[in-house]
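Below is one structure, written out as structure tokens, with a few remarks after it.
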Amino acid sequence: MASKLFASVSEADDPLAQALQPPPDETPDDRAVRLQQQQEAQRVSHAIDEDIQESKKAFDRRKKAIKILLLGQAESGKSTTLKNFQLAFSPTHFRNERMAWRTIIQLNLIRSIKRLLEVLQTEWESSVSQSPSAAAKGKGVAGRSPPPTVRFSTSPLTDSHRRIRMRLSPLVAIEEDLTRKLFPEATEKVQDVCVRAGSGWKGVLAAISTNYPQEPPKDGANGKGPSRPSTGKKDDPTSVLAACREDIISLWEDPVVRGVLKKHGVRLQDMPGFFLNDAARIATHNYEPTDDDIVRARLRTLGVEEHRFTMESGALPGSEWYIYDVGGSRSMRPHWIPYFDDVQAIIFLAPLTFNLMLEEDTRVNRLEDSITLWREICGNVLLSKTTLILFLNKARLAARPMDILQATLAAGIRVSKYVPSYGEQPNDIQHVTKYFRDKFRGYLKRLSPQARPFFWHETSVIDTRATAAILVGVREGILRAHLQSVNVI
């Protein structure tokens, strides 16, 4: 009796219990509405609980995931290394994006053609001269006005080249249209194929491929002769390239054009994203990029882009990996710091280009800039427990895998001219590589807050087979260090 009295008194004093009591004058209809509202509130509450649980699971998975940061100056090969990672360990994910890369490769090819046309235009303009007889005389015969100035060209280019240039002009409009779609905030002409990280550019390219499905070739696009693009698809890069295929090949292989390029000091084949040698294969309706095409494709990422993929092979298949590809330009480097706190490894790419300067500051040597960055990373206390892996990259993104260090030394360029501390050591690959490797190792040992091993690899990141073998070792090393950090081994 006392307990019942105590319970009734407690409920009477409990404001929450009073609030939950139905009104004394509640009608059956009101009661049905109230019960329905309670059920809806319970449903929402359960949904919130499930979202919280899913978020917690995702957080736990992310905490257990392996996170890698790719660092290095602009054009050091970071994005190419990322593509090699995906190709080697997550090939399904890599190949699912093949059609998006097709448009990027087509855009790379179009930009090379555009640059070629610009050089030809410069040649025409610089080779036009005045007739000396007309320029020398101030008056004509018997006081009449002198004849109009006669202009003539000393260029080896002919009217045939002009006609080809006119037929290729639609490609320039396509290049501008695709550039705007990929990088709409650009306020001036960009020098590279650029995208903003997190902009959904792959979705934009997928939509382009959907709007213009592949079709069988038509007359004039199958190698039987030049043809103008069909009027129905003026903005479709596949159709226009296929229609211009023979003109592109003819212009690029023309010895006269090659001579003009050499005269103006332009080597298109040494530029990133060069595919003119593959125009016969790419400028077709049924073109599908190869793995090597995708790795060679030039795409500059502005901002920090996170790539998540699941390991499909090797140790611990199914494990999640996050790779952060950050912009390497000087303006982007302050944005690296937030990613220092939660990464297991940093892959640092240093191009062995001792004789080249930064594009953004031609007073700064590229290799010296890489060494300065390496010193800052080695001495950063936030990275004291992070595995640092150095890639001494010898190749550049060009027409084919090219050992730029070997080509530079073979040209007779001495290291000591740009790096005085190299002294009189032999000017060969073995000694040069060892010198810079030891330089990077010395800074790691001297500046690291605590002792850590030195991992380094001599790479050519556009050589997919050689890089895949290196990445297997890198992956196992990172995985071993990660398991040790969580006390698994």
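Starting from 1 in every chain, residues are counted up; chains themselves are A, B, ... following the order of the structure tokens, and ligands are numbered from 1 as listed.
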
Inset, instruction - Find the residues around Ser76 (chain A) up to 7 Å (only C-alpha atoms counted), leave out those fewer than 2 positions away in its own chain, and share them as a VMD selection string. - result: chain A and resid 72 to 74 78 349 to 351

Residues from the last selection, N, CA and C atoms, saved as a short mmCIF file (atom, residue, chain, number, x, y, z; two decimals), in the first residue's frame:
data_model
loop_
_atom_site.label_atom_id
_atom_site.label_comp_id
_atom_site.auth_asym_id
_atom_site.auth_seq_id
_atom_site.Cartn_x
_atom_site.Cartn_y
_atom_site.Cartn_z
N GLY A 72 54.85 16.87 -53.40
CA GLY A 72 55.86 17.24 -54.39
C GLY A 72 55.41 18.49 -55.12
N GLN A 73 56.35 19.12 -55.80
CA GLN A 73 56.03 20.34 -56.52
C GLN A 73 55.13 20.02 -57.71
N ALA A 74 54.61 21.06 -58.35
CA ALA A 74 53.76 20.87 -59.52
C ALA A 74 54.52 20.13 -60.61
N LYS A 78 52.73 13.34 -59.23
CA LYS A 78 51.85 12.85 -58.16
C LYS A 78 50.60 12.17 -58.72
N LEU A 349 57.60 12.99 -54.23
CA LEU A 349 58.16 12.87 -55.58
C LEU A 349 59.09 14.04 -55.88
N ALA A 350 60.32 13.69 -56.23
CA ALA A 350 61.33 14.70 -56.55
C ALA A 350 61.86 14.43 -57.95
N PRO A 351 61.48 15.23 -58.94
CA PRO A 351 62.02 15.02 -60.30
C PRO A 351 63.50 15.37 -60.35
#

Inset, instruction - Check the smallest atom-to-atom distance from each of A:Ala279, A:Ala47, A:Leu71, A:Ile66 to Val343 (chain A) using only C-alpha atoms, then report the winner. - result: A:Ile66

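Distances to Ile377 (chain A) were evaluated for A:Val240, A:Ala410, A:Leu447, A:Leu120 using only C-alpha atoms, and the minimum falls at A:Leu447.
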
Legend entry - Surrounding residues of Asp235 (chain A) excluding itself and chain neighbours under 3 positions, 9 Å, only C-alpha atoms, as a PyMOL selection string: chain A and resi 170-171+173-174+177-178+232+238-240

Could you write those residues out with all heavy atoms, as an mmCIF file, in the first residue's frame?
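result_5.cif, written as the output of this step:
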data_model
loop_
_atom_site.group_PDB
_atom_site.id
_atom_site.type_symbol
_atom_site.label_atom_id
_atom_site.label_comp_id
_atom_site.auth_asym_id
_atom_site.auth_seq_id
_atom_site.Cartn_x
_atom_site.Cartn_y
_atom_site.Cartn_z
ATOM 1 N N PRO A 170 37.727 23.902 -86.297
ATOM 2 C CA PRO A 170 36.662 23.543 -85.341
ATOM 3 C C PRO A 170 37.183 22.927 -84.048
ATOM 4 O O PRO A 170 36.507 22.990 -83.011
ATOM 5 C CB PRO A 170 35.801 22.546 -86.129
ATOM 6 C CG PRO A 170 36.023 22.891 -87.560
ATOM 7 C CD PRO A 170 37.454 23.325 -87.635
ATOM 8 N N LEU A 171 38.360 22.337 -84.095
ATOM 9 C CA LEU A 171 38.916 21.731 -82.883
ATOM 10 C C LEU A 171 39.228 22.786 -81.821
ATOM 11 O O LEU A 171 39.163 22.502 -80.622
ATOM 12 C CB LEU A 171 40.188 20.947 -83.224
ATOM 13 C CG LEU A 171 39.984 19.671 -84.052
ATOM 14 C CD1 LEU A 171 41.322 19.118 -84.507
ATOM 15 C CD2 LEU A 171 39.218 18.628 -83.248
ATOM 16 N N ALA A 173 37.490 25.502 -81.156
ATOM 17 C CA ALA A 173 36.244 25.804 -80.453
ATOM 18 C C ALA A 173 35.874 24.688 -79.480
ATOM 19 O O ALA A 173 35.380 24.946 -78.374
ATOM 20 C CB ALA A 173 35.117 26.023 -81.462
ATOM 21 N N ILE A 174 36.115 23.446 -79.877
ATOM 22 C CA ILE A 174 35.829 22.317 -78.983
ATOM 23 C C ILE A 174 36.731 22.370 -77.750
ATOM 24 O O ILE A 174 36.284 22.118 -76.622
ATOM 25 C CB ILE A 174 36.016 20.985 -79.740
ATOM 26 C CG1 ILE A 174 34.862 20.786 -80.706
ATOM 27 C CG2 ILE A 174 36.119 19.814 -78.783
ATOM 28 C CD1 ILE A 174 34.918 19.505 -81.481
ATOM 29 N N ASP A 177 35.367 24.944 -75.391
ATOM 30 C CA ASP A 177 34.111 24.510 -74.779
ATOM 31 C C ASP A 177 34.370 23.479 -73.675
ATOM 32 O O ASP A 177 33.816 23.579 -72.571
ATOM 33 C CB ASP A 177 33.193 23.931 -75.846
ATOM 34 C CG ASP A 177 31.867 23.447 -75.278
ATOM 35 O OD1 ASP A 177 31.119 24.279 -74.728
ATOM 36 O OD2 ASP A 177 31.579 22.235 -75.358
ATOM 37 N N LEU A 178 35.213 22.491 -73.946
ATOM 38 C CA LEU A 178 35.513 21.475 -72.939
ATOM 39 C C LEU A 178 36.244 22.076 -71.738
ATOM 40 O O LEU A 178 35.996 21.695 -70.590
ATOM 41 C CB LEU A 178 36.369 20.368 -73.562
ATOM 42 C CG LEU A 178 35.655 19.385 -74.488
ATOM 43 C CD1 LEU A 178 36.658 18.421 -75.109
ATOM 44 C CD2 LEU A 178 34.578 18.613 -73.740
ATOM 45 N N GLY A 232 25.782 18.051 -87.522
ATOM 46 C CA GLY A 232 24.899 17.715 -86.406
ATOM 47 C C GLY A 232 25.629 17.622 -85.087
ATOM 48 O O GLY A 232 25.009 17.668 -84.040
ATOM 49 N N THR A 238 34.736 13.400 -80.278
ATOM 50 C CA THR A 238 35.001 12.146 -80.983
ATOM 51 C C THR A 238 34.703 12.278 -82.466
ATOM 52 O O THR A 238 35.513 11.891 -83.325
ATOM 53 C CB THR A 238 34.153 11.010 -80.377
ATOM 54 O OG1 THR A 238 34.466 10.880 -78.982
ATOM 55 C CG2 THR A 238 34.438 9.692 -81.074
ATOM 56 N N SER A 239 33.538 12.844 -82.803
ATOM 57 C CA SER A 239 33.152 12.979 -84.208
ATOM 58 C C SER A 239 34.076 13.929 -84.958
ATOM 59 O O SER A 239 34.493 13.639 -86.094
ATOM 60 C CB SER A 239 31.702 13.477 -84.299
ATOM 61 O OG SER A 239 30.811 12.540 -83.748
ATOM 62 N N VAL A 240 34.404 15.051 -84.343
ATOM 63 C CA VAL A 240 35.233 16.041 -85.030
ATOM 64 C C VAL A 240 36.657 15.517 -85.213
ATOM 65 O O VAL A 240 37.262 15.689 -86.277
ATOM 66 C CB VAL A 240 35.220 17.379 -84.263
ATOM 67 C CG1 VAL A 240 36.114 18.403 -84.954
ATOM 68 C CG2 VAL A 240 33.800 17.923 -84.154
#

Legend entry - Contacts of region 411-426 of chain A within 12 Å, only C-alpha atoms, excl. fewer than 6 positions in-chain, as a VMD selection string: chain A and resid 352 to 357 364 to 368 404 to 405 432 to 436 438 to 439

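Between CA of Glu50 (chain A) and CA of Gly318 (chain A) the separation is 24.1 Å.
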
Inset, instruction - For CA of Gln344 (chain A) and CA of Thr386 (chain A), determine how far apart the two atoms are, in Å to one decimal place. - result: 5.4 Å

Legend entry - Those in region 278-344 of chain A with strand (DSSP E) from DSSP, as a PyMOL selection string: chain A and resi 300-302+304-310+320-326

Save out the residues we just selected, N, CA and C atoms, as a tab-separated table (two decimals), in the first residue's frame.
chain	number	residue	atom	x	y	z
A	300	ARG	N	45.71	18.54	-64.66
A	300	ARG	CA	46.20	19.25	-63.47
A	300	ARG	C	45.05	19.45	-62.49
A	301	THR	N	45.25	18.97	-61.25
A	301	THR	CA	44.22	19.09	-60.21
A	301	THR	C	44.54	20.28	-59.32
A	302	LEU	N	43.57	21.18	-59.17
A	302	LEU	CA	43.73	22.33	-58.28
A	302	LEU	C	42.97	22.05	-56.99
A	304	VAL	N	42.89	19.91	-53.07
A	304	VAL	CA	43.21	18.60	-52.50
A	304	VAL	C	42.10	17.63	-52.86
A	305	GLU	N	42.47	16.54	-53.51
A	305	GLU	CA	41.48	15.56	-53.93
A	305	GLU	C	41.70	14.24	-53.19
A	306	GLU	N	40.62	13.74	-52.58
A	306	GLU	CA	40.69	12.48	-51.84
A	306	GLU	C	40.22	11.34	-52.73
A	307	HIS	N	41.02	10.28	-52.78
A	307	HIS	CA	40.68	9.10	-53.57
A	307	HIS	C	40.58	7.91	-52.63
A	308	ARG	N	39.42	7.29	-52.60
A	308	ARG	CA	39.20	6.11	-51.77
A	308	ARG	C	39.03	4.89	-52.67
A	309	PHE	N	39.76	3.84	-52.38
A	309	PHE	CA	39.55	2.61	-53.14
A	309	PHE	C	39.84	1.41	-52.25
A	310	THR	N	39.29	0.27	-52.63
A	310	THR	CA	39.44	-0.97	-51.89
A	310	THR	C	40.50	-1.83	-52.56
A	320	GLU	N	40.67	-0.80	-46.95
A	320	GLU	CA	40.41	0.50	-47.54
A	320	GLU	C	41.66	1.37	-47.50
A	321	TRP	N	41.89	2.06	-48.59
A	321	TRP	CA	43.02	2.98	-48.70
A	321	TRP	C	42.49	4.35	-49.13
A	322	TYR	N	43.06	5.38	-48.54
A	322	TYR	CA	42.77	6.76	-48.94
A	322	TYR	C	44.08	7.39	-49.40
A	323	ILE	N	44.05	7.93	-50.59
A	323	ILE	CA	45.23	8.64	-51.11
A	323	ILE	C	44.83	10.08	-51.40
A	324	TYR	N	45.59	11.02	-50.85
A	324	TYR	CA	45.30	12.44	-51.02
A	324	TYR	C	46.28	13.02	-52.03
A	325	ASP	N	45.73	13.53	-53.12
A	325	ASP	CA	46.53	14.15	-54.18
A	325	ASP	C	46.38	15.66	-54.03
A	326	VAL	N	47.46	16.32	-53.67
A	326	VAL	CA	47.38	17.76	-53.39
A	326	VAL	C	48.11	18.55	-54.46

Inset, instruction - Could you tell me which of A:Pro237, A:Gly303, A:Gly327, A:Pro338 comes closest to Ile104 (chain A) if we count only C-alpha atoms? - result: A:Pro237

Legend entry - Residue neighbourhood region 477-481 of chain A, 12 Å, only C-alpha atoms, exclusion window fewer than 6 positions, as an NGL selection string: :A and (64-69 or 311 or 314-317 or 319-321 or 343-347 or 385-389 or 452-456 or 470-471 or 487-489)

Export of prior selection with C-alpha atoms as a CSV table (one decimal), in the first residue's frame:
chain,number,residue,atom,x,y,z
A,64,LYS,CA,41.5,1.7,-39.6
A,65,ALA,CA,42.0,2.6,-43.2
A,66,ILE,CA,45.5,3.3,-44.6
A,67,LYS,CA,46.0,7.0,-45.6
A,68,ILE,CA,48.7,8.2,-47.9
A,69,LEU,CA,49.6,11.7,-48.9
A,311,MET,CA,42.5,-3.1,-52.3
A,314,GLY,CA,47.9,-8.6,-52.2
A,315,ALA,CA,48.0,-8.6,-48.4
A,316,LEU,CA,44.7,-7.9,-46.7
A,317,PRO,CA,42.5,-7.7,-49.8
A,319,SER,CA,41.3,-3.1,-47.0
A,320,GLU,CA,40.4,0.5,-47.5
A,321,TRP,CA,43.0,3.0,-48.7
A,343,VAL,CA,48.4,9.9,-42.5
A,344,GLN,CA,50.5,6.7,-42.2
A,345,ALA,CA,52.8,7.5,-45.1
A,346,ILE,CA,54.0,10.3,-47.4
A,347,ILE,CA,55.2,9.5,-50.9
A,385,LYS,CA,55.9,9.1,-36.8
A,386,THR,CA,55.0,9.1,-40.5
A,387,THR,CA,56.8,6.9,-43.0
A,388,LEU,CA,58.5,9.0,-45.6
A,389,ILE,CA,59.1,7.4,-49.0
A,452,ARG,CA,63.3,6.7,-38.8
A,453,PRO,CA,64.4,4.6,-41.8
A,454,PHE,CA,65.1,6.0,-45.2
A,455,PHE,CA,63.0,4.5,-48.0
A,456,TRP,CA,63.7,5.6,-51.6
A,470,ILE,CA,58.0,-0.7,-57.0
A,471,LEU,CA,54.5,0.0,-55.7
A,487,ASN,CA,49.9,-3.3,-32.3
A,488,VAL,CA,48.8,-6.1,-34.7
A,489,ILE,CA,52.4,-7.2,-35.3

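If only C-alpha atoms are the atoms counted, then among A:Glu185, A:Leu205, A:Gln21, A:Val260 the closest residue to Gln121 (chain A) is A:Val260.
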
Inset, instruction - Return the single residue from A:Glu123, A:Glu176, A:Glu75, A:Asp369 that is closest to Met271 (chain A), with distances computed using only C-alpha atoms. - result: A:Glu75

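All residues of protein, DNA or RNA that reach within 10 Å of region 289-291 of chain A, judged by only C-alpha atoms and not counting those fewer than 4 positions away in the chain, are Lys83, Asn84, Leu87, Pro91, Phe94, Arg95, Arg98, Met99, Ala100, Trp101, Arg102, Thr103, Ile105, Gln106, Arg281, Ile282, Val295, Arg296, Ala297 and Thr464 of chain A.
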